[in-house]
file upload30.txt (compact mmCIF, C-alpha atoms)
# COMPACT_ATOMS: atom_id res chain seq x y z
CA MET A 226 13.47 -57.03 -39.83
CA LYS A 227 15.95 -57.96 -42.55
CA ILE A 228 18.72 -55.65 -43.69
CA GLY A 229 20.46 -56.16 -47.03
CA PHE A 230 23.86 -55.05 -48.28
CA ILE A 231 24.99 -54.77 -51.86
CA GLY A 232 28.74 -54.64 -51.48
CA ALA A 233 30.67 -56.26 -48.65
CA GLY A 234 33.87 -54.22 -48.58
CA ASN A 235 35.56 -52.45 -45.69
CA MET A 236 32.75 -50.06 -44.75
CA ALA A 237 29.96 -52.61 -45.22
CA GLY A 238 31.96 -55.13 -43.21
CA ALA A 239 32.47 -52.62 -40.40
CA ILE A 240 28.75 -51.81 -40.31
CA ILE A 241 27.71 -55.48 -40.37
CA ARG A 242 30.14 -56.40 -37.59
CA GLY A 243 28.91 -53.46 -35.54
CA MET A 244 25.29 -54.47 -36.07
CA VAL A 245 25.96 -58.05 -34.95
CA SER A 246 27.95 -56.87 -31.93
CA GLY A 247 25.04 -54.56 -31.09
CA GLY A 248 22.44 -57.32 -31.09
CA PHE A 249 21.39 -57.93 -34.69
CA ARG A 250 21.17 -61.58 -35.67
CA GLY A 251 23.48 -62.50 -38.51
CA SER A 252 20.65 -64.47 -40.08
CA ASP A 253 18.73 -61.17 -40.49
CA ILE A 254 21.52 -59.66 -42.60
CA VAL A 255 21.64 -60.54 -46.30
CA ALA A 256 24.54 -59.56 -48.54
CA PHE A 257 25.92 -59.82 -52.04
CA ASP A 258 29.32 -58.94 -53.44
CA THR A 259 31.06 -59.92 -56.65
CA ASP A 260 34.04 -60.86 -54.45
CA ASN A 261 32.79 -64.09 -52.91
CA ALA A 262 35.71 -64.22 -50.47
CA LYS A 263 34.39 -61.12 -48.69
CA LEU A 264 30.97 -62.74 -48.26
CA ILE A 265 32.48 -65.94 -46.95
CA GLN A 266 34.50 -63.99 -44.39
CA LEU A 267 31.40 -62.18 -43.15
CA PHE A 268 29.48 -65.46 -43.05
CA GLU A 269 32.23 -67.00 -40.92
CA ASP A 270 32.54 -63.95 -38.66
CA CYS A 271 28.90 -62.91 -38.33
CA GLY A 272 26.66 -65.67 -39.71
CA ILE A 273 25.14 -63.51 -42.44
CA CYS A 274 23.09 -64.90 -45.32
CA MET A 275 24.98 -64.92 -48.61
CA THR A 276 23.26 -64.52 -51.97
CA THR A 277 24.28 -64.90 -55.59
CA SER A 278 22.87 -61.61 -56.94
CA ALA A 279 21.94 -58.07 -55.96
CA ALA A 280 18.33 -58.75 -56.99
CA GLU A 281 18.16 -61.70 -54.61
CA VAL A 282 19.11 -59.38 -51.75
CA ALA A 283 16.58 -56.72 -52.75
CA GLU A 284 13.73 -59.25 -52.83
CA GLN A 285 14.25 -60.31 -49.21
CA VAL A 286 14.87 -57.20 -47.16
CA ASP A 287 13.12 -54.31 -45.44
CA ALA A 288 16.09 -51.98 -45.94
CA LEU A 289 18.81 -52.18 -48.57
CA VAL A 290 22.23 -50.60 -48.00
CA LEU A 291 24.08 -49.68 -51.19
CA ALA A 292 27.72 -50.12 -50.21
CA VAL A 293 29.43 -50.19 -53.59
CA LYS A 294 31.77 -47.56 -55.04
CA PRO A 295 29.98 -44.49 -56.46
CA GLN A 296 31.16 -45.19 -59.99
CA VAL A 297 29.56 -48.66 -59.85
CA LEU A 298 26.05 -47.42 -59.02
CA PRO A 299 25.03 -46.50 -62.60
CA SER A 300 25.54 -50.12 -63.64
CA VAL A 301 23.94 -51.60 -60.51
CA LEU A 302 20.82 -49.54 -59.84
CA PRO A 303 18.84 -49.38 -63.12
CA PRO A 304 18.63 -53.20 -63.41
CA LEU A 305 17.51 -53.35 -59.76
CA SER A 306 14.82 -50.72 -60.16
CA PRO A 307 11.95 -53.08 -61.12
CA VAL A 308 12.65 -55.35 -58.15
CA LEU A 309 12.91 -52.43 -55.75
CA HIS A 310 9.67 -50.87 -56.97
CA ARG A 311 7.90 -54.20 -56.63
CA CYS A 312 9.24 -54.97 -53.14
CA GLY A 313 9.53 -51.41 -51.80
CA PRO A 314 12.41 -51.57 -49.30
CA LEU A 315 14.01 -48.50 -47.79
CA VAL A 316 17.08 -47.73 -49.94
CA ILE A 317 20.14 -46.45 -48.06
CA SER A 318 23.19 -45.26 -49.99
CA ILE A 319 26.61 -44.76 -48.41
CA ALA A 320 28.20 -43.88 -51.76
CA ALA A 321 30.23 -40.69 -51.43
CA GLY A 322 29.17 -37.76 -53.58
CA LYS A 323 25.92 -39.26 -54.88
CA SER A 324 23.04 -36.89 -54.14
CA LEU A 325 19.47 -37.92 -53.46
CA ALA A 326 18.51 -36.56 -56.87
CA SER A 327 21.14 -38.64 -58.64
CA LEU A 328 20.10 -41.76 -56.73
CA GLU A 329 16.45 -41.19 -57.59
CA GLY A 330 17.44 -40.66 -61.22
CA MET A 331 19.04 -44.11 -61.31
CA LEU A 332 16.31 -45.82 -59.25
CA GLY A 333 13.24 -44.09 -60.60
CA ALA A 334 10.86 -41.96 -58.54
CA GLY A 335 8.66 -43.32 -55.79
CA LEU A 336 11.07 -45.13 -53.48
CA PRO A 337 12.08 -44.06 -49.95
CA VAL A 338 15.75 -43.12 -50.30
CA VAL A 339 18.27 -42.12 -47.64
CA ARG A 340 21.81 -40.89 -48.15
CA VAL A 341 24.23 -41.63 -45.30
CA MET A 342 27.84 -40.55 -44.87
CA PRO A 343 29.72 -42.56 -42.24
CA ASN A 344 33.45 -42.11 -41.69
CA ILE A 345 36.44 -44.41 -41.36
CA ALA A 346 36.07 -44.73 -37.57
CA ALA A 347 33.16 -47.11 -38.21
CA LYS A 348 35.89 -49.76 -38.25
CA VAL A 349 36.19 -49.38 -34.46
CA GLY A 350 32.57 -48.52 -33.72
CA GLU A 351 33.21 -44.77 -33.42
CA SER A 352 31.89 -43.41 -36.70
CA MET A 353 30.25 -40.05 -37.08
CA SER A 354 27.43 -40.53 -39.60
CA ALA A 355 25.06 -37.99 -41.10
CA PHE A 356 21.94 -38.74 -43.12
CA CYS A 357 19.37 -36.97 -45.26
CA SER A 358 16.29 -38.35 -46.96
CA ASN A 359 13.73 -37.78 -49.67
CA SER A 360 10.04 -37.05 -49.13
CA ARG A 361 9.09 -40.75 -49.16
CA VAL A 362 11.01 -41.42 -45.96
CA ASP A 363 8.98 -41.42 -42.74
CA GLU A 364 9.95 -41.55 -39.08
CA ALA A 365 9.90 -45.36 -39.05
CA HIS A 366 12.41 -45.37 -41.89
CA LYS A 367 14.60 -42.90 -40.03
CA GLY A 368 14.45 -45.20 -37.02
CA ILE A 369 15.88 -48.01 -39.15
CA VAL A 370 18.72 -45.74 -40.31
CA ARG A 371 19.57 -44.81 -36.74
CA LEU A 372 19.40 -48.43 -35.62
CA ILE A 373 21.90 -49.49 -38.28
CA PHE A 374 24.38 -46.65 -37.98
CA GLU A 375 24.25 -46.19 -34.21
CA ALA A 376 25.71 -49.71 -34.15
CA VAL A 377 28.97 -48.15 -35.37
CA GLY A 378 28.91 -44.72 -33.71
CA GLU A 379 26.90 -41.52 -33.57
CA VAL A 380 24.27 -40.35 -36.07
CA VAL A 381 22.85 -36.92 -36.93
CA GLU A 382 20.23 -35.88 -39.46
CA LEU A 383 21.22 -32.95 -41.69
CA GLU A 384 19.76 -31.15 -44.66
CA GLU A 385 21.48 -32.33 -47.81
CA ARG A 386 22.72 -28.80 -48.55
CA LEU A 387 24.95 -29.12 -45.46
CA PHE A 388 26.63 -32.36 -46.56
CA SER A 389 29.68 -30.65 -48.07
CA ALA A 390 30.31 -28.91 -44.74
CA TYR A 391 29.72 -32.18 -42.91
CA SER A 392 32.22 -33.91 -45.19
CA ALA A 393 34.91 -31.43 -44.15
CA LEU A 394 34.05 -31.78 -40.44
CA ALA A 395 33.68 -35.57 -40.21
CA GLY A 396 34.63 -37.24 -43.47
CA CYS A 397 37.98 -35.48 -43.94
CA SER A 398 38.86 -34.61 -40.36
CA PRO A 399 40.19 -38.07 -39.40
CA ALA A 400 43.06 -37.39 -41.82
CA PHE A 401 43.57 -33.92 -40.32
CA THR A 402 43.58 -35.36 -36.81
CA LEU A 403 45.99 -38.14 -37.75
CA LEU A 404 48.33 -35.56 -39.28
CA TYR A 405 48.28 -33.63 -35.98
CA ILE A 406 48.87 -36.82 -33.98
CA ASP A 407 51.81 -37.82 -36.14
CA ALA A 408 53.35 -34.34 -35.96
CA LEU A 409 53.07 -34.28 -32.17
CA ALA A 410 54.56 -37.77 -31.96
CA GLU A 411 57.46 -36.56 -34.13
CA ALA A 412 58.06 -33.90 -31.50
CA GLY A 413 58.28 -36.70 -28.94
CA VAL A 414 60.90 -38.44 -31.09
CA ARG A 415 62.82 -35.18 -31.31
CA TYR A 416 63.08 -35.10 -27.54
CA GLY A 417 64.02 -38.75 -27.12
CA ILE A 418 60.79 -40.74 -26.92
CA PRO A 419 60.61 -43.75 -29.31
CA LYS A 420 58.04 -43.23 -32.10
CA ALA A 421 55.76 -46.13 -31.09
CA THR A 422 55.67 -44.88 -27.51
CA ALA A 423 55.10 -41.31 -28.63
CA LEU A 424 52.17 -42.39 -30.81
CA LYS A 425 50.63 -44.28 -27.89
CA ILE A 426 50.99 -41.24 -25.64
CA VAL A 427 49.55 -38.76 -28.14
CA SER A 428 46.68 -40.94 -29.36
CA GLN A 429 45.54 -41.60 -25.78
CA ALA A 430 45.87 -37.90 -24.95
CA VAL A 431 43.66 -37.03 -27.95
CA LEU A 432 41.15 -39.76 -27.06
CA GLY A 433 41.01 -38.63 -23.43
CA THR A 434 40.55 -35.00 -24.42
CA THR A 435 37.71 -35.90 -26.76
CA ARG A 436 35.94 -37.86 -24.04
CA LEU A 437 36.45 -34.98 -21.62
CA LEU A 438 34.81 -32.58 -24.08
CA GLN A 439 31.90 -34.95 -24.77
CA GLU A 440 31.21 -35.90 -21.16
CA THR A 441 31.56 -32.46 -19.54
CA GLY A 442 29.71 -30.61 -22.30
CA GLU A 443 31.95 -27.62 -21.65
CA HIS A 444 33.10 -25.29 -24.39
CA PRO A 445 36.58 -26.12 -25.77
CA ARG A 446 37.85 -22.67 -24.77
CA THR A 447 36.71 -23.24 -21.19
CA LEU A 448 38.67 -26.48 -21.02
CA ILE A 449 41.69 -24.80 -22.63
CA ASP A 450 41.62 -22.18 -19.88
CA GLN A 451 41.58 -24.95 -17.26
CA VAL A 452 44.78 -26.43 -18.71
CA CYS A 453 46.62 -23.12 -19.20
CA SER A 454 48.18 -21.92 -15.97
CA PRO A 455 49.39 -18.30 -16.02
CA GLY A 456 52.98 -18.20 -17.22
CA GLY A 457 52.96 -21.97 -17.61
CA THR A 458 54.08 -24.44 -20.27
CA THR A 459 50.69 -25.00 -21.94
CA ILE A 460 49.91 -21.34 -22.60
CA GLU A 461 53.33 -20.99 -24.23
CA GLY A 462 52.50 -23.83 -26.58
CA VAL A 463 49.02 -22.51 -27.30
CA CYS A 464 50.41 -19.08 -28.13
CA ALA A 465 53.00 -20.67 -30.42
CA LEU A 466 50.24 -22.54 -32.26
CA GLN A 467 48.20 -19.37 -32.66
CA GLU A 468 51.19 -17.34 -33.81
CA GLY A 469 52.04 -20.12 -36.28
CA GLY A 470 48.58 -19.93 -37.82
CA PHE A 471 47.21 -23.22 -36.44
CA GLU A 472 43.57 -22.12 -36.32
CA ALA A 473 43.80 -20.43 -39.71
CA ALA A 474 45.32 -23.60 -41.19
CA VAL A 475 42.44 -25.70 -39.82
CA LEU A 476 39.89 -23.30 -41.30
CA ALA A 477 41.75 -23.35 -44.61
CA ALA A 478 41.79 -27.16 -44.65
CA ALA A 479 38.05 -27.29 -44.00
CA LYS A 480 37.43 -24.68 -46.71
CA ALA A 481 39.52 -26.60 -49.25
CA SER A 482 37.70 -29.86 -48.48
CA TYR A 483 34.30 -28.13 -48.57
CA GLU A 484 34.96 -26.49 -51.93
CA ARG A 485 36.31 -29.73 -53.43
CA ASP A 486 33.21 -31.61 -52.29
CA LYS A 487 30.95 -28.94 -53.80
CA ALA A 488 32.87 -29.16 -57.08
CA LEU A 489 32.42 -32.94 -57.22
call {"tool": "encode", "arguments": {"input": "upload30.txt", "output": "structure tokens"}}
result
Amino acid sequence: MKIGFIGAGNMAGAIIRGMVSGGFRGSDIVAFDTDNAKLIQLFEDCGICMTTSAAEVAEQVDALVLAVKPQVLPSVLPPLSPVLHRCGPLVISIAAGKSLASLEGMLGAGLPVVRVMPNIAAKVGESMSAFCSNSRVDEAHKGIVRLIFEAVGEVVELEERLFSAYSALAGCSPAFTLLYIDALAEAGVRYGIPKATALKIVSQAVLGTTRLLQETGEHPRTLIDQVCSPGGTTIEGVCALQEGGFEAAVLAAAKASYERDKAL
């Protein structure tokens, strides 16, 4: 099976490197980018096949990942449409904000099209990706999507109407989490811990807590209760967060991101 990429920027590079690390052969990955330096780097790192045009990629592959900026798609897809309809690959878009309907409008009807939203953690193989698909996509196609994106993290299938909510939960939340990490590290600096050390402490604490939640399968509130001893230090901090509106602020942040995504 050959997988093609149009665009070889940060996200495409992360996905390709994850695929190769996960067992894909570089020779089965075909890519094109107008920035030849990006292709050369991926060739040197992963052994991919470089091409000189988007059409050349589309002619060779079983699945084509569109990894260009959303505003570039209207100039890229219509010229590719005849090739895609002749060759019939699965088309996978990771362009933010481009619905299945808009993609089909640029490509023409009749192609299997999937929309995927990975997040920035794909760079370290820990992405959370969601996908939705049109009626032409079958279970074999979905298997290809999972194979590609499980190489850089976890994958869930969602109805497209839920993508704005997903964007708030997974697309935007890395920034929310990093803001929390930095604020907590600042507290460490306040009490005498050097910033670099404080960041190491907090980031590992967050990572460990996430793994604890995933591996135990327990409800977050159950784990909170296990940490909070009666009259202890943790319950004091938790109460201070609640009194300061922490949970309300998180809900407000998700609401703002959700509504902005819907507006776009």
call {"tool": "residues_around", "arguments": {"input": "upload30.txt", "residues": "A:Leu264", "least_positions_apart": "6", "cutoff": "7 Å", "atoms": "all atoms listed in the file", "output": "JSON, numbers by chain"}}
result
{"A": [233, 257, 258, 275]}
call {"tool": "atom_distance", "arguments": {"input": "upload30.txt", "atom1": "atom CA of A:Ser354", "atom2": "atom CA of A:Leu305"}}
result
25.9 Å
call {"tool": "residues_around", "arguments": {"input": "upload30.txt", "residues": "A:Gly350", "least_positions_apart": "5", "cutoff": "7 Å", "atoms": "all atoms listed in the file", "output": "list in words"}}
result
Gly243, Ala376, Val377 and Gly378 of chain A
call {"tool": "atom_distance", "arguments": {"input": "upload30.txt", "atom1": "atom CA of A:Leu489", "atom2": "atom CA of A:Gln296"}}
result
12.6 Å
call {"tool": "residues_around", "arguments": {"input": "upload30.txt", "residues": "A:Ala479", "least_positions_apart": "4", "cutoff": "10 Å", "atoms": "all atoms listed in the file", "output": "PDB file with C-alpha atoms, in the coordinates of the input"}}
result
ATOM      1  CA  SER A 389      29.680 -30.650 -48.070  1.00  0.00           C
ATOM      2  CA  ALA A 390      30.310 -28.910 -44.740  1.00  0.00           C
ATOM      3  CA  TYR A 391      29.720 -32.180 -42.910  1.00  0.00           C
ATOM      4  CA  SER A 392      32.220 -33.910 -45.190  1.00  0.00           C
ATOM      5  CA  ALA A 393      34.910 -31.430 -44.150  1.00  0.00           C
ATOM      6  CA  LEU A 394      34.050 -31.780 -40.440  1.00  0.00           C
ATOM      7  CA  CYS A 397      37.980 -35.480 -43.940  1.00  0.00           C
ATOM      8  CA  SER A 398      38.860 -34.610 -40.360  1.00  0.00           C
ATOM      9  CA  PHE A 401      43.570 -33.920 -40.320  1.00  0.00           C
ATOM     10  CA  ALA A 473      43.800 -20.430 -39.710  1.00  0.00           C
ATOM     11  CA  ALA A 474      45.320 -23.600 -41.190  1.00  0.00           C
ATOM     12  CA  VAL A 475      42.440 -25.700 -39.820  1.00  0.00           C
ATOM     13  CA  TYR A 483      34.300 -28.130 -48.570  1.00  0.00           C
ATOM     14  CA  GLU A 484      34.960 -26.490 -51.930  1.00  0.00           C
ATOM     15  CA  ARG A 485      36.310 -29.730 -53.430  1.00  0.00           C
TER      16      ARG A 485
END
call {"tool": "atom_distance", "arguments": {"input": "upload30.txt", "atom1": "atom CA of A:Ile369", "atom2": "atom CA of A:Leu315"}}
result
8.9 Å
call {"tool": "residues_around", "arguments": {"input": "upload30.txt", "residues": "stretch 235-240 of chain A", "least_positions_apart": "4", "cutoff": "9 Å", "atoms": "only C-alpha atoms", "output": "list in words"}}
result
Phe230, Ile231, Met244, Val245, Lys263, Leu267, Val290, Leu291, Ala292, Val293, Ile319, Pro343, Asn344, Ile345, Ala347, Lys348, Val349, Gly350, Ile373, Phe374, Ala376 and Val377 of chain A
call {"tool": "residues_around", "arguments": {"input": "upload30.txt", "residues": "stretch 405-412 of chain A", "least_positions_apart": "6", "cutoff": "12 Å", "atoms": "only C-alpha atoms", "output": "ChimeraX atom specification"}}
result
/A:398-399,418-432,462,466,471,474-475
call {"tool": "closest_residue", "arguments": {"input": "upload30.txt", "among": "A:Pro455, A:Pro304, A:Pro337, A:Gly251", "to": "A:Ala280", "atoms": "all atoms listed in the file"}}
result
A:Pro304
call {"tool": "closest_residue", "arguments": {"input": "upload30.txt", "among": "A:Cys357, A:Ala346, A:Cys464, A:Val338", "to": "A:Glu379", "atoms": "all atoms listed in the file"}}
result
A:Ala346
call {"tool": "decode", "arguments": {"input": "upload30.txt", "residues": "stretch 362-393 of chain A", "atoms": "N, CA, C and O atoms", "output": "PDB file, in the first residue's frame"}}
result
ATOM      1  N   VAL A 362     -16.866   6.154   1.785  1.00  0.00           N
ATOM      2  CA  VAL A 362     -15.810   5.536   2.596  1.00  0.00           C
ATOM      3  C   VAL A 362     -16.331   4.255   3.242  1.00  0.00           C
ATOM      4  O   VAL A 362     -17.376   4.252   3.900  1.00  0.00           O
ATOM      5  N   ASP A 363     -15.594   3.154   3.044  1.00  0.00           N
ATOM      6  CA  ASP A 363     -15.990   1.877   3.640  1.00  0.00           C
ATOM      7  C   ASP A 363     -15.050   1.522   4.795  1.00  0.00           C
ATOM      8  O   ASP A 363     -14.153   2.284   5.156  1.00  0.00           O
ATOM      9  N   GLU A 364     -15.271   0.355   5.377  1.00  0.00           N
ATOM     10  CA  GLU A 364     -14.487  -0.049   6.546  1.00  0.00           C
ATOM     11  C   GLU A 364     -13.012  -0.236   6.207  1.00  0.00           C
ATOM     12  O   GLU A 364     -12.134   0.022   7.032  1.00  0.00           O
ATOM     13  N   ALA A 365     -12.717  -0.675   4.984  1.00  0.00           N
ATOM     14  CA  ALA A 365     -11.310  -0.815   4.580  1.00  0.00           C
ATOM     15  C   ALA A 365     -10.628   0.546   4.535  1.00  0.00           C
ATOM     16  O   ALA A 365      -9.476   0.693   4.961  1.00  0.00           O
ATOM     17  N   HIS A 366     -11.349   1.544   4.034  1.00  0.00           N
ATOM     18  CA  HIS A 366     -10.803   2.900   4.031  1.00  0.00           C
ATOM     19  C   HIS A 366     -10.544   3.388   5.457  1.00  0.00           C
ATOM     20  O   HIS A 366      -9.498   3.986   5.748  1.00  0.00           O
ATOM     21  N   LYS A 367     -11.499   3.129   6.338  1.00  0.00           N
ATOM     22  CA  LYS A 367     -11.341   3.560   7.730  1.00  0.00           C
ATOM     23  C   LYS A 367     -10.140   2.862   8.380  1.00  0.00           C
ATOM     24  O   LYS A 367      -9.444   3.448   9.213  1.00  0.00           O
ATOM     25  N   GLY A 368      -9.900   1.635   7.968  1.00  0.00           N
ATOM     26  CA  GLY A 368      -8.731   0.916   8.475  1.00  0.00           C
ATOM     27  C   GLY A 368      -7.435   1.599   8.071  1.00  0.00           C
ATOM     28  O   GLY A 368      -6.480   1.658   8.849  1.00  0.00           O
ATOM     29  N   ILE A 369      -7.401   2.138   6.852  1.00  0.00           N
ATOM     30  CA  ILE A 369      -6.216   2.869   6.386  1.00  0.00           C
ATOM     31  C   ILE A 369      -6.021   4.127   7.228  1.00  0.00           C
ATOM     32  O   ILE A 369      -4.901   4.455   7.636  1.00  0.00           O
ATOM     33  N   VAL A 370      -7.110   4.838   7.487  1.00  0.00           N
ATOM     34  CA  VAL A 370      -7.032   6.055   8.310  1.00  0.00           C
ATOM     35  C   VAL A 370      -6.467   5.730   9.689  1.00  0.00           C
ATOM     36  O   VAL A 370      -5.558   6.412  10.181  1.00  0.00           O
ATOM     37  N   ARG A 371      -6.991   4.679  10.289  1.00  0.00           N
ATOM     38  CA  ARG A 371      -6.508   4.305  11.631  1.00  0.00           C
ATOM     39  C   ARG A 371      -5.035   3.897  11.582  1.00  0.00           C
ATOM     40  O   ARG A 371      -4.252   4.236  12.476  1.00  0.00           O
ATOM     41  N   LEU A 372      -4.660   3.169  10.550  1.00  0.00           N
ATOM     42  CA  LEU A 372      -3.271   2.722  10.422  1.00  0.00           C
ATOM     43  C   LEU A 372      -2.320   3.914  10.356  1.00  0.00           C
ATOM     44  O   LEU A 372      -1.260   3.917  11.000  1.00  0.00           O
ATOM     45  N   ILE A 373      -2.690   4.934   9.607  1.00  0.00           N
ATOM     46  CA  ILE A 373      -1.836   6.112   9.464  1.00  0.00           C
ATOM     47  C   ILE A 373      -1.766   6.895  10.763  1.00  0.00           C
ATOM     48  O   ILE A 373      -0.680   7.212  11.263  1.00  0.00           O
ATOM     49  N   PHE A 374      -2.920   7.194  11.340  1.00  0.00           N
ATOM     50  CA  PHE A 374      -2.938   8.142  12.458  1.00  0.00           C
ATOM     51  C   PHE A 374      -2.696   7.486  13.813  1.00  0.00           C
ATOM     52  O   PHE A 374      -2.310   8.182  14.765  1.00  0.00           O
ATOM     53  N   GLU A 375      -2.861   6.169  13.914  1.00  0.00           N
ATOM     54  CA  GLU A 375      -2.441   5.491  15.138  1.00  0.00           C
ATOM     55  C   GLU A 375      -0.927   5.437  15.241  1.00  0.00           C
ATOM     56  O   GLU A 375      -0.375   5.195  16.326  1.00  0.00           O
ATOM     57  N   ALA A 376      -0.231   5.710  14.132  1.00  0.00           N
ATOM     58  CA  ALA A 376       1.232   5.788  14.162  1.00  0.00           C
ATOM     59  C   ALA A 376       1.708   7.003  14.947  1.00  0.00           C
ATOM     60  O   ALA A 376       2.871   7.060  15.350  1.00  0.00           O
ATOM     61  N   VAL A 377       0.809   7.977  15.162  1.00  0.00           N
ATOM     62  CA  VAL A 377       1.203   9.181  15.912  1.00  0.00           C
ATOM     63  C   VAL A 377       0.291   9.435  17.101  1.00  0.00           C
ATOM     64  O   VAL A 377       0.253  10.544  17.643  1.00  0.00           O
ATOM     65  N   GLY A 378      -0.448   8.421  17.565  1.00  0.00           N
ATOM     66  CA  GLY A 378      -1.281   8.617  18.747  1.00  0.00           C
ATOM     67  C   GLY A 378      -2.564   7.818  18.713  1.00  0.00           C
ATOM     68  O   GLY A 378      -2.630   6.727  18.157  1.00  0.00           O
ATOM     69  N   GLU A 379      -3.601   8.385  19.304  1.00  0.00           N
ATOM     70  CA  GLU A 379      -4.905   7.740  19.396  1.00  0.00           C
ATOM     71  C   GLU A 379      -5.857   8.321  18.350  1.00  0.00           C
ATOM     72  O   GLU A 379      -5.722   9.476  17.936  1.00  0.00           O
ATOM     73  N   VAL A 380      -6.850   7.505  17.950  1.00  0.00           N
ATOM     74  CA  VAL A 380      -7.792   7.901  16.903  1.00  0.00           C
ATOM     75  C   VAL A 380      -9.210   7.543  17.333  1.00  0.00           C
ATOM     76  O   VAL A 380      -9.445   6.452  17.855  1.00  0.00           O
ATOM     77  N   VAL A 381     -10.139   8.474  17.118  1.00  0.00           N
ATOM     78  CA  VAL A 381     -11.564   8.173  17.328  1.00  0.00           C
ATOM     79  C   VAL A 381     -12.347   8.616  16.092  1.00  0.00           C
ATOM     80  O   VAL A 381     -11.957   9.561  15.405  1.00  0.00           O
ATOM     81  N   GLU A 382     -13.436   7.915  15.813  1.00  0.00           N
ATOM     82  CA  GLU A 382     -14.345   8.339  14.754  1.00  0.00           C
ATOM     83  C   GLU A 382     -15.489   9.121  15.381  1.00  0.00           C
ATOM     84  O   GLU A 382     -16.075   8.688  16.381  1.00  0.00           O
ATOM     85  N   LEU A 383     -15.793  10.287  14.820  1.00  0.00           N
ATOM     86  CA  LEU A 383     -16.877  11.139  15.312  1.00  0.00           C
ATOM     87  C   LEU A 383     -17.756  11.582  14.157  1.00  0.00           C
ATOM     88  O   LEU A 383     -17.297  11.669  13.016  1.00  0.00           O
ATOM     89  N   GLU A 384     -19.008  11.889  14.458  1.00  0.00           N
ATOM     90  CA  GLU A 384     -19.843  12.552  13.464  1.00  0.00           C
ATOM     91  C   GLU A 384     -19.279  13.952  13.232  1.00  0.00           C
ATOM     92  O   GLU A 384     -18.788  14.602  14.163  1.00  0.00           O
ATOM     93  N   GLU A 385     -19.384  14.422  12.008  1.00  0.00           N
ATOM     94  CA  GLU A 385     -18.806  15.727  11.691  1.00  0.00           C
ATOM     95  C   GLU A 385     -19.432  16.846  12.518  1.00  0.00           C
ATOM     96  O   GLU A 385     -18.753  17.818  12.856  1.00  0.00           O
ATOM     97  N   ARG A 386     -20.697  16.712  12.895  1.00  0.00           N
ATOM     98  CA  ARG A 386     -21.353  17.760  13.674  1.00  0.00           C
ATOM     99  C   ARG A 386     -20.699  17.959  15.049  1.00  0.00           C
ATOM    100  O   ARG A 386     -20.896  18.988  15.695  1.00  0.00           O
ATOM    101  N   LEU A 387     -19.895  16.981  15.487  1.00  0.00           N
ATOM    102  CA  LEU A 387     -19.226  17.066  16.784  1.00  0.00           C
ATOM    103  C   LEU A 387     -17.803  17.609  16.681  1.00  0.00           C
ATOM    104  O   LEU A 387     -17.108  17.725  17.686  1.00  0.00           O
ATOM    105  N   PHE A 388     -17.373  17.970  15.466  1.00  0.00           N
ATOM    106  CA  PHE A 388     -15.978  18.383  15.294  1.00  0.00           C
ATOM    107  C   PHE A 388     -15.647  19.706  15.990  1.00  0.00           C
ATOM    108  O   PHE A 388     -14.519  19.904  16.420  1.00  0.00           O
ATOM    109  N   SER A 389     -16.581  20.610  16.103  1.00  0.00           N
ATOM    110  CA  SER A 389     -16.303  21.858  16.816  1.00  0.00           C
ATOM    111  C   SER A 389     -16.058  21.582  18.295  1.00  0.00           C
ATOM    112  O   SER A 389     -15.168  22.181  18.907  1.00  0.00           O
ATOM    113  N   ALA A 390     -16.839  20.671  18.870  1.00  0.00           N
ATOM    114  CA  ALA A 390     -16.620  20.285  20.265  1.00  0.00           C
ATOM    115  C   ALA A 390     -15.287  19.567  20.404  1.00  0.00           C
ATOM    116  O   ALA A 390     -14.517  19.821  21.351  1.00  0.00           O
ATOM    117  N   TYR A 391     -14.988  18.679  19.454  1.00  0.00           N
ATOM    118  CA  TYR A 391     -13.711  17.977  19.488  1.00  0.00           C
ATOM    119  C   TYR A 391     -12.545  18.955  19.404  1.00  0.00           C
ATOM    120  O   TYR A 391     -11.533  18.809  20.108  1.00  0.00           O
ATOM    121  N   SER A 392     -12.689  19.984  18.576  1.00  0.00           N
ATOM    122  CA  SER A 392     -11.621  20.977  18.430  1.00  0.00           C
ATOM    123  C   SER A 392     -11.308  21.637  19.759  1.00  0.00           C
ATOM    124  O   SER A 392     -10.137  21.860  20.101  1.00  0.00           O
ATOM    125  N   ALA A 393     -12.346  21.943  20.540  1.00  0.00           N
ATOM    126  CA  ALA A 393     -12.131  22.551  21.854  1.00  0.00           C
ATOM    127  C   ALA A 393     -11.452  21.575  22.806  1.00  0.00           C
ATOM    128  O   ALA A 393     -10.560  21.951  23.581  1.00  0.00           O
TER     129      ALA A 393
END
